[in-house]
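Read the structure below first, then the notes.
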Amino acid sequence: MEIKRMNDKQEEEFMNLTQELYQEMEEKDRYCPFNDEFISILNPENHFMVGAYENGELMGGFSIYFPMEEDSYSNYLDTKVPIDTVAQMDNCAVAKKYRGRNLQEKLCKSCEQILREEYPERVNLLCTVHPDNPASLKNMETCGFQVVKEVENMYHGNPRYILRKNL
């Protein structure tokens with residue numbers, strides 16, 4: 001297995017994976033795939049993605065987004081953090097046949113290494129997890145994230161935990 005930063009074509013493949021997995025889900029409120037509105041604001045300065053590959057096949061990926069003031073998870077917290085220090089661990093997806101290999105944890109650790117090396121000012125890591133997604137919550141807690149807030153109405157009116165980690 002190789003974990004590496006994605007190029008544009010690989011990012012598109014990852015975004016397609018999130019859509020495929022979402023379409024197969026019964027509980028669609030538990031996951032937020034990439035949508036056209038979000039994709040339209042992505043540029044090389046405000047995000048990066050890493051992917052796990054086996055024999056050239058995408059196993060899963062993780063997206064990091066440097067938010068603008070108006071779309072920062074920090075806005076939901078009791079104490080906002082400076083926007084230029086925030087990195088949102090935005091989206092993670094693992095193809096079904098590769099689940100059970102701790103890929104979310106491995107991808108998260110790889111993202112954190114890139115943040116330390118290339119974006120040392122991004123020390124406030126934030127992410128969200130649906131309260132009924134215990135596997136993802138456990139993975140993020142294993143990576144050192146802690147639930148700091150429960151939001152009742154986020155992402156199309158669904159509840160989310162906001163988790164935080166300081167690098």
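Here's how to read the names in the structure tokens: chain A, B, ... by the order shown, residue numbers from 1 in each chain, ligand numbers from 1 in the order shown.
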
Subject >> His130 in chain A environment, 12 Å, only C-alpha atoms, sequence neighbours closer than 6 positions dropped, as a ChimeraX atom specification >> reply: /A:27-32,136-138,140,147,149-155,157-163

Keeping only N, CA and C atoms, write the selected residues as an mmCIF file, in the first residue's frame.
```cif
data_model
loop_
_atom_site.group_PDB
_atom_site.id
_atom_site.type_symbol
_atom_site.label_atom_id
_atom_site.label_comp_id
_atom_site.auth_asym_id
_atom_site.auth_seq_id
_atom_site.Cartn_x
_atom_site.Cartn_y
_atom_site.Cartn_z
ATOM 1 N N GLU A 27 -28.482 5.037 5.055
ATOM 2 C CA GLU A 27 -28.585 6.179 5.971
ATOM 3 C C GLU A 27 -27.801 7.355 5.388
ATOM 4 N N LYS A 28 -28.357 8.018 4.406
ATOM 5 C CA LYS A 28 -27.641 9.074 3.686
ATOM 6 C C LYS A 28 -27.323 10.294 4.550
ATOM 7 N N ASP A 29 -28.019 10.477 5.667
ATOM 8 C CA ASP A 29 -27.742 11.635 6.516
ATOM 9 C C ASP A 29 -26.425 11.503 7.273
ATOM 10 N N ARG A 30 -25.801 10.350 7.235
ATOM 11 C CA ARG A 30 -24.572 10.124 7.999
ATOM 12 C C ARG A 30 -23.302 10.510 7.262
ATOM 13 N N TYR A 31 -23.419 10.851 5.987
ATOM 14 C CA TYR A 31 -22.221 11.134 5.202
ATOM 15 C C TYR A 31 -22.497 12.275 4.234
ATOM 16 N N CYS A 32 -21.521 13.111 4.039
ATOM 17 C CA CYS A 32 -21.649 14.251 3.125
ATOM 18 C C CYS A 32 -20.597 14.117 2.033
ATOM 19 N N SER A 136 -16.327 5.810 12.361
ATOM 20 C CA SER A 136 -15.586 7.022 12.020
ATOM 21 C C SER A 136 -15.206 7.794 13.284
ATOM 22 N N LEU A 137 -16.129 7.873 14.226
ATOM 23 C CA LEU A 137 -15.833 8.570 15.483
ATOM 24 C C LEU A 137 -14.657 7.912 16.194
ATOM 25 N N LYS A 138 -14.666 6.600 16.269
ATOM 26 C CA LYS A 138 -13.561 5.875 16.931
ATOM 27 C C LYS A 138 -12.242 6.126 16.206
ATOM 28 N N MET A 140 -11.338 8.718 14.399
ATOM 29 C CA MET A 140 -10.847 10.083 14.632
ATOM 30 C C MET A 140 -10.364 10.248 16.069
ATOM 31 N N VAL A 147 -14.293 15.179 20.753
ATOM 32 C CA VAL A 147 -15.563 15.866 20.507
ATOM 33 C C VAL A 147 -15.589 17.119 21.367
ATOM 34 N N LYS A 149 -18.116 19.677 20.488
ATOM 35 C CA LYS A 149 -19.446 20.270 20.348
ATOM 36 C C LYS A 149 -20.352 19.308 19.596
ATOM 37 N N GLU A 150 -21.617 19.280 19.994
ATOM 38 C CA GLU A 150 -22.621 18.566 19.208
ATOM 39 C C GLU A 150 -23.537 19.620 18.608
ATOM 40 N N VAL A 151 -23.670 19.584 17.293
ATOM 41 C CA VAL A 151 -24.500 20.540 16.567
ATOM 42 C C VAL A 151 -25.725 19.785 16.074
ATOM 43 N N GLU A 152 -26.888 20.302 16.384
ATOM 44 C CA GLU A 152 -28.134 19.607 16.040
ATOM 45 C C GLU A 152 -28.535 19.775 14.579
ATOM 46 N N ASN A 153 -28.135 20.882 13.953
ATOM 47 C CA ASN A 153 -28.648 21.205 12.632
ATOM 48 C C ASN A 153 -27.494 21.634 11.723
ATOM 49 N N MET A 154 -26.871 20.657 11.088
ATOM 50 C CA MET A 154 -25.733 20.927 10.213
ATOM 51 C C MET A 154 -25.880 20.035 8.988
ATOM 52 N N TYR A 155 -25.340 20.418 7.857
ATOM 53 C CA TYR A 155 -25.409 19.590 6.658
ATOM 54 C C TYR A 155 -26.832 19.086 6.402
ATOM 55 N N GLY A 157 -29.591 19.875 7.825
ATOM 56 C CA GLY A 157 -30.409 19.690 9.016
ATOM 57 C C GLY A 157 -30.051 18.493 9.871
ATOM 58 N N ASN A 158 -28.930 17.860 9.621
ATOM 59 C CA ASN A 158 -28.543 16.666 10.368
ATOM 60 C C ASN A 158 -27.591 16.995 11.514
ATOM 61 N N PRO A 159 -27.644 16.179 12.564
ATOM 62 C CA PRO A 159 -26.731 16.404 13.689
ATOM 63 C C PRO A 159 -25.308 15.988 13.332
ATOM 64 N N ARG A 160 -24.335 16.662 13.947
ATOM 65 C CA ARG A 160 -22.922 16.320 13.759
ATOM 66 C C ARG A 160 -22.179 16.601 15.052
ATOM 67 N N TYR A 161 -21.181 15.797 15.304
ATOM 68 C CA TYR A 161 -20.191 16.132 16.322
ATOM 69 C C TYR A 161 -19.111 16.940 15.624
ATOM 70 N N ILE A 162 -18.627 17.973 16.296
ATOM 71 C CA ILE A 162 -17.417 18.657 15.829
ATOM 72 C C ILE A 162 -16.291 18.175 16.725
ATOM 73 N N LEU A 163 -15.236 17.727 16.090
ATOM 74 C CA LEU A 163 -14.059 17.236 16.798
ATOM 75 C C LEU A 163 -12.884 18.163 16.522
#
```

Original post:
So which residues touch Ile83 in chain A within 9 Å, counting only C-alpha atoms, skipping near sequence neighbours fewer than 5 positions away, as an NGL selection string?
Top reply: :A and (66-69 or 72 or 74)

Original post:
Residues of range 2-103 of chain A in alpha helix (DSSP H) according to DSSP, as number ranges by chain?
Top reply: A: 8-24, 36-41, 103

Original post:
How would you write, as number ranges by chain, the set of residues in chain A that DSSP gives as strand (DSSP E or B)?
Top reply: A: 2-5, 47-54, 57-65, 86-94, 124-129, 146-154, 158-166

Store the residues of this selection in a file with N, CA and C atoms, as a short mmCIF file (atom, residue, chain, number, x, y, z; two decimals), in the first residue's frame.
```
data_model
loop_
_atom_site.label_atom_id
_atom_site.label_comp_id
_atom_site.auth_asym_id
_atom_site.auth_seq_id
_atom_site.Cartn_x
_atom_site.Cartn_y
_atom_site.Cartn_z
N GLU A 2 0.47 2.22 -0.79
CA GLU A 2 1.17 3.50 -0.86
C GLU A 2 0.16 4.61 -0.56
N ILE A 3 0.54 5.52 0.34
CA ILE A 3 -0.28 6.70 0.62
C ILE A 3 0.47 7.90 0.07
N LYS A 4 -0.22 8.68 -0.77
CA LYS A 4 0.45 9.83 -1.38
C LYS A 4 -0.55 10.95 -1.63
N ARG A 5 0.01 12.12 -1.84
CA ARG A 5 -0.80 13.28 -2.20
C ARG A 5 -1.35 13.07 -3.61
N HIS A 47 -6.80 23.61 -0.42
CA HIS A 47 -7.05 22.21 -0.10
C HIS A 47 -5.93 21.31 -0.61
N PHE A 48 -5.91 20.11 -0.08
CA PHE A 48 -5.13 19.02 -0.67
C PHE A 48 -5.81 17.71 -0.29
N MET A 49 -5.48 16.66 -1.02
CA MET A 49 -6.07 15.35 -0.77
C MET A 49 -4.97 14.31 -0.82
N VAL A 50 -5.13 13.29 0.00
CA VAL A 50 -4.21 12.15 -0.04
C VAL A 50 -5.03 10.90 -0.34
N GLY A 51 -4.37 9.96 -0.99
CA GLY A 51 -5.03 8.72 -1.33
C GLY A 51 -4.17 7.53 -0.96
N ALA A 52 -4.84 6.43 -0.65
CA ALA A 52 -4.16 5.16 -0.41
C ALA A 52 -4.38 4.30 -1.65
N TYR A 53 -3.30 3.72 -2.14
CA TYR A 53 -3.34 2.95 -3.38
C TYR A 53 -2.72 1.57 -3.18
N GLU A 54 -3.34 0.60 -3.83
CA GLU A 54 -2.79 -0.74 -3.87
C GLU A 54 -2.79 -1.19 -5.32
N GLU A 57 -4.70 1.00 -7.63
CA GLU A 57 -6.13 1.17 -7.40
C GLU A 57 -6.37 2.01 -6.15
N LEU A 58 -7.27 2.97 -6.26
CA LEU A 58 -7.62 3.82 -5.13
C LEU A 58 -8.37 3.01 -4.08
N MET A 59 -7.80 2.97 -2.89
CA MET A 59 -8.43 2.26 -1.77
C MET A 59 -9.33 3.22 -0.98
N GLY A 60 -8.86 4.46 -0.87
CA GLY A 60 -9.59 5.47 -0.12
C GLY A 60 -8.82 6.77 -0.13
N GLY A 61 -9.46 7.81 0.36
CA GLY A 61 -8.82 9.11 0.36
C GLY A 61 -9.28 9.98 1.51
N PHE A 62 -8.55 11.06 1.70
CA PHE A 62 -8.87 12.03 2.75
C PHE A 62 -8.61 13.41 2.18
N SER A 63 -9.56 14.32 2.41
CA SER A 63 -9.49 15.68 1.90
C SER A 63 -9.28 16.66 3.06
N ILE A 64 -8.37 17.59 2.86
CA ILE A 64 -8.13 18.66 3.83
C ILE A 64 -8.50 19.97 3.16
N TYR A 65 -9.24 20.80 3.88
CA TYR A 65 -9.71 22.07 3.35
C TYR A 65 -9.34 23.19 4.31
N VAL A 86 -6.70 27.19 10.92
CA VAL A 86 -7.64 26.07 10.83
C VAL A 86 -7.39 25.22 9.58
N ALA A 87 -7.39 23.91 9.78
CA ALA A 87 -7.43 22.94 8.69
C ALA A 87 -8.60 22.01 9.00
N GLN A 88 -9.51 21.91 8.07
CA GLN A 88 -10.66 21.03 8.26
C GLN A 88 -10.39 19.69 7.60
N MET A 89 -10.46 18.65 8.39
CA MET A 89 -10.31 17.28 7.91
C MET A 89 -11.66 16.98 7.29
N ASP A 90 -11.79 17.33 6.03
CA ASP A 90 -13.10 17.53 5.44
C ASP A 90 -13.84 16.28 5.02
N ASN A 91 -13.20 15.36 4.35
CA ASN A 91 -13.93 14.22 3.82
C ASN A 91 -13.01 13.02 3.75
N CYS A 92 -13.51 11.89 4.19
CA CYS A 92 -12.77 10.65 4.11
C CYS A 92 -13.70 9.58 3.57
N ALA A 93 -13.19 8.76 2.69
CA ALA A 93 -13.96 7.64 2.15
C ALA A 93 -13.01 6.49 1.85
N VAL A 94 -13.48 5.29 2.16
CA VAL A 94 -12.72 4.08 1.90
C VAL A 94 -13.61 3.12 1.11
N ASN A 124 -4.86 24.04 14.23
CA ASN A 124 -6.18 23.72 14.76
C ASN A 124 -6.92 22.86 13.75
N LEU A 125 -6.95 21.57 14.00
CA LEU A 125 -7.61 20.63 13.10
C LEU A 125 -9.04 20.41 13.58
N LEU A 126 -9.98 20.54 12.67
CA LEU A 126 -11.40 20.35 12.98
C LEU A 126 -12.00 19.36 11.99
N CYS A 127 -12.95 18.57 12.46
CA CYS A 127 -13.68 17.67 11.58
C CYS A 127 -15.08 17.46 12.16
N THR A 128 -15.95 16.86 11.37
CA THR A 128 -17.28 16.51 11.86
C THR A 128 -17.52 15.03 11.61
N VAL A 129 -18.34 14.46 12.50
CA VAL A 129 -18.75 13.06 12.38
C VAL A 129 -20.21 12.99 12.81
N GLN A 146 -10.92 15.05 19.69
CA GLN A 146 -11.89 14.98 20.77
C GLN A 146 -13.15 15.74 20.37
N VAL A 147 -14.29 15.18 20.75
CA VAL A 147 -15.56 15.87 20.51
C VAL A 147 -15.59 17.12 21.37
N VAL A 148 -15.82 18.27 20.72
CA VAL A 148 -15.89 19.53 21.46
C VAL A 148 -17.26 20.17 21.39
N LYS A 149 -18.12 19.68 20.49
CA LYS A 149 -19.45 20.27 20.35
C LYS A 149 -20.35 19.31 19.60
N GLU A 150 -21.62 19.28 19.99
CA GLU A 150 -22.62 18.57 19.21
C GLU A 150 -23.54 19.62 18.61
N VAL A 151 -23.67 19.58 17.29
CA VAL A 151 -24.50 20.54 16.57
C VAL A 151 -25.72 19.79 16.07
N GLU A 152 -26.89 20.30 16.38
CA GLU A 152 -28.13 19.61 16.04
C GLU A 152 -28.54 19.78 14.58
N ASN A 153 -28.14 20.88 13.95
CA ASN A 153 -28.65 21.21 12.63
C ASN A 153 -27.49 21.63 11.72
N MET A 154 -26.87 20.66 11.09
CA MET A 154 -25.73 20.93 10.21
C MET A 154 -25.88 20.03 8.99
N ASN A 158 -28.93 17.86 9.62
CA ASN A 158 -28.54 16.67 10.37
C ASN A 158 -27.59 17.00 11.51
N PRO A 159 -27.64 16.18 12.56
CA PRO A 159 -26.73 16.40 13.69
C PRO A 159 -25.31 15.99 13.33
N ARG A 160 -24.34 16.66 13.95
CA ARG A 160 -22.92 16.32 13.76
C ARG A 160 -22.18 16.60 15.05
N TYR A 161 -21.18 15.80 15.30
CA TYR A 161 -20.19 16.13 16.32
C TYR A 161 -19.11 16.94 15.62
N ILE A 162 -18.63 17.97 16.30
CA ILE A 162 -17.42 18.66 15.83
C ILE A 162 -16.29 18.17 16.72
N LEU A 163 -15.24 17.73 16.09
CA LEU A 163 -14.06 17.24 16.80
C LEU A 163 -12.88 18.16 16.52
N ARG A 164 -11.98 18.20 17.49
CA ARG A 164 -10.84 19.11 17.37
C ARG A 164 -9.57 18.41 17.85
N LYS A 165 -8.49 18.78 17.21
CA LYS A 165 -7.16 18.33 17.61
C LYS A 165 -6.19 19.48 17.36
N ASN A 166 -5.29 19.68 18.26
CA ASN A 166 -4.25 20.68 18.06
C ASN A 166 -2.95 19.96 17.70
#
```

Original post:
Between A:Glu121, A:Pro134, A:Met1, A:Ala95, which one has atoms that come closest to Met15 in chain A, using only C-alpha atoms?
Top reply: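 Smallest distance to Met15 in chain A is found for A:Ala95.
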
Original post:
What does the distance between CA of Ile41 in chain A and CA of Lys109 in chain A come to in Å, to one decimal place?
Top reply: 25.1 Å

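Take the candidates A:Lys96, A:Gln10, A:Leu42, A:Thr142 and check each one against Gly56 in chain A using only C-alpha atoms; the shortest distance goes to A:Gln10.
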
Original post:
For Leu21 in chain A, which residue among A:Arg122, A:Lys97, A:Lys9, A:Lys80 is the nearest when counting only C-alpha atoms?
Top reply: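 Once distances to Leu21 in chain A are computed over only C-alpha atoms, the minimum belongs to A:Lys97.
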
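Restricting the calculation to only C-alpha atoms, the smallest distance between Glu12 in chain A and any of A:Tyr119, A:Thr85, A:Phe34, A:Glu26 is found for A:Phe34.
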